[in-house]
Amino acid sequence: KLMGYDWVERCQHVSFGLVQGMKTRKGEVVFLEDVLDEVRSRMLENMASAKTTKEVEDPVETAEKVGLAALIIQDFRGLLSSDYQFSWDRALQSRGDTGVFLQYTHARLHSLERMHGNEPVTDVNVASLQEPDAISVLQHLLRYDEVLYRSSQDLQPKHIVSYLLTLSHLAAVAHRTLPVKGSTPALAQARLCLFQATRSVLANGMKLLGITPVTRM
């Protein structure tokens with residue numbers, strides 16, 4: 001208020017719990033700068049040893065964005081007021097309900113768009129999306145505004161986190177069972193449109209949580 005910001009009236013304090021068990025290689029007392037350094041170095045190690053890692057232009061920047069996603073998702077998964085036990089190994093897993101998995105899913109969907117020209121798909125016959133896996137994704141996409149409303153009402157980001165993790169799991173299944181390549185042109189376009197919509201919602205939700213989506217990792 002003293003600094004003259006007009007949005008001060010809309011600010012609300014949300015109480016939060018304790019993070020237990022968090023320590024860096026430097027010791028027990030944890031400073032944010034040390035945590036950010038640690039998450040970057042651990043992600044770089046993981047990326048260097050992962051067989052699926054693509055050549056990225058700036059590995060350090062990518063490691064930082066993916067590592068931050070890991071920390072944010074671990075922080076926001078439960079009620080903000082609840083204490084939780086921190087685990088580096090759990091936070092940085094590439095499979096399971098983690099920020100790393102969200103980033104991996106986003107990068108994978110972005111890669112699919114890149115392979116097929118990166119053009120926004122407009123003229124689409126969505127009636128061709130009849131498979132159960134396609135319908136599951138569509139139904140989940142329809143719930144996005146409801147989830148945003150819920151989070152805005154109780155100021156708990158966990159609803160968005162849970163939604164995005166489920167979306168990523170559904171997208172992983174759909175990516176496996178609904179190939180774009182090799183399908184008829186009409187079906188390929190419809191599937192590509194579905195994957196574009198999924199990536200768009202995923203990116204939007206991640207940004208709301210303070211995560212910068214990566215396009216390669």
# chains A, B, ... in the order shown; residues from 1 in each chain; ligands from 1
$ residues_around --residues "Val214 in chain A" --least-positions-apart "2" --cutoff "10 Å" --atoms "only C-alpha atoms" --output "JSON, numbers by chain"
{"A": [61, 62, 63, 65, 66, 102, 103, 104, 105, 106, 107, 108, 110, 203, 211, 212, 216, 217]}
$ atom_distance --atom1 "CA of His169 in chain A" --atom2 "CA of Leu208 in chain A"
19.5 Å
$ closest_residue --among "A:Phe195, A:Val60, A:Asp6, A:Gln20" --to "Ser87 in chain A" --atoms "only C-alpha atoms"
A:Gln20
$ residues_around --residues "Phe76 in chain A" --least-positions-apart "4" --cutoff "9 Å" --atoms "only C-alpha atoms" --output "VMD selection string"
chain A and resid 71 to 72 80 156 to 158 161 209
$ residues_around --residues "range 135-151 of chain A" --least-positions-apart "4" --cutoff "7 Å" --atoms "only C-alpha atoms" --output "list in words"
Gln130, Glu131, Leu155, Gln156, Pro157, His159, Ile160, Leu167, Leu170 and Ala171 of chain A
$ residues_around --residues "Ala50 in chain A" --least-positions-apart "5" --cutoff "12 Å" --atoms "only C-alpha atoms" --output "VMD selection string"
chain A and resid 43 to 45 55 93 to 94 217
$ atom_distance --atom1 "CA of Thr215 in chain A" --atom2 "CA of Ala188 in chain A"
21.7 Å
$ select_by_dssp --residues "range 6-207 of chain A" --states "helix (DSSP H, G or I)" --output "count of residues only"
130
$ closest_residue --among "A:Gln74, A:Ser183, A:Ser15, A:Cys193" --to "Phe101 in chain A" --atoms "only C-alpha atoms"
A:Gln74
$ select_by_dssp --residues "chain A" --states "strand (DSSP E)" --output "JSON, numbers by chain"
{"A": [19, 20, 84, 85]}
$ write_last_selection --atoms "N, CA, C and O atoms" --output "mmCIF file, in the first residue's frame"
data_model
loop_
_atom_site.group_PDB
_atom_site.id
_atom_site.type_symbol
_atom_site.label_atom_id
_atom_site.label_comp_id
_atom_site.auth_asym_id
_atom_site.auth_seq_id
_atom_site.Cartn_x
_atom_site.Cartn_y
_atom_site.Cartn_z
ATOM 1 N N VAL A 19 7.510 -26.838 5.566
ATOM 2 C CA VAL A 19 8.149 -27.831 4.700
ATOM 3 C C VAL A 19 9.175 -28.551 5.567
ATOM 4 O O VAL A 19 10.130 -27.941 6.044
ATOM 5 N N GLN A 20 8.962 -29.847 5.780
ATOM 6 C CA GLN A 20 9.842 -30.601 6.672
ATOM 7 C C GLN A 20 10.852 -31.430 5.872
ATOM 8 O O GLN A 20 10.529 -31.927 4.797
ATOM 9 N N TYR A 84 4.265 -30.603 5.065
ATOM 10 C CA TYR A 84 4.565 -31.787 4.251
ATOM 11 C C TYR A 84 6.049 -32.127 4.305
ATOM 12 O O TYR A 84 6.876 -31.281 4.601
ATOM 13 N N GLN A 85 6.338 -33.382 4.024
ATOM 14 C CA GLN A 85 7.700 -33.896 4.065
ATOM 15 C C GLN A 85 8.333 -33.734 2.683
ATOM 16 O O GLN A 85 7.843 -34.282 1.700
#
$ atom_distance --atom1 "CA of Gly67 in chain A" --atom2 "CA of Ala174 in chain A"
26.0 Å
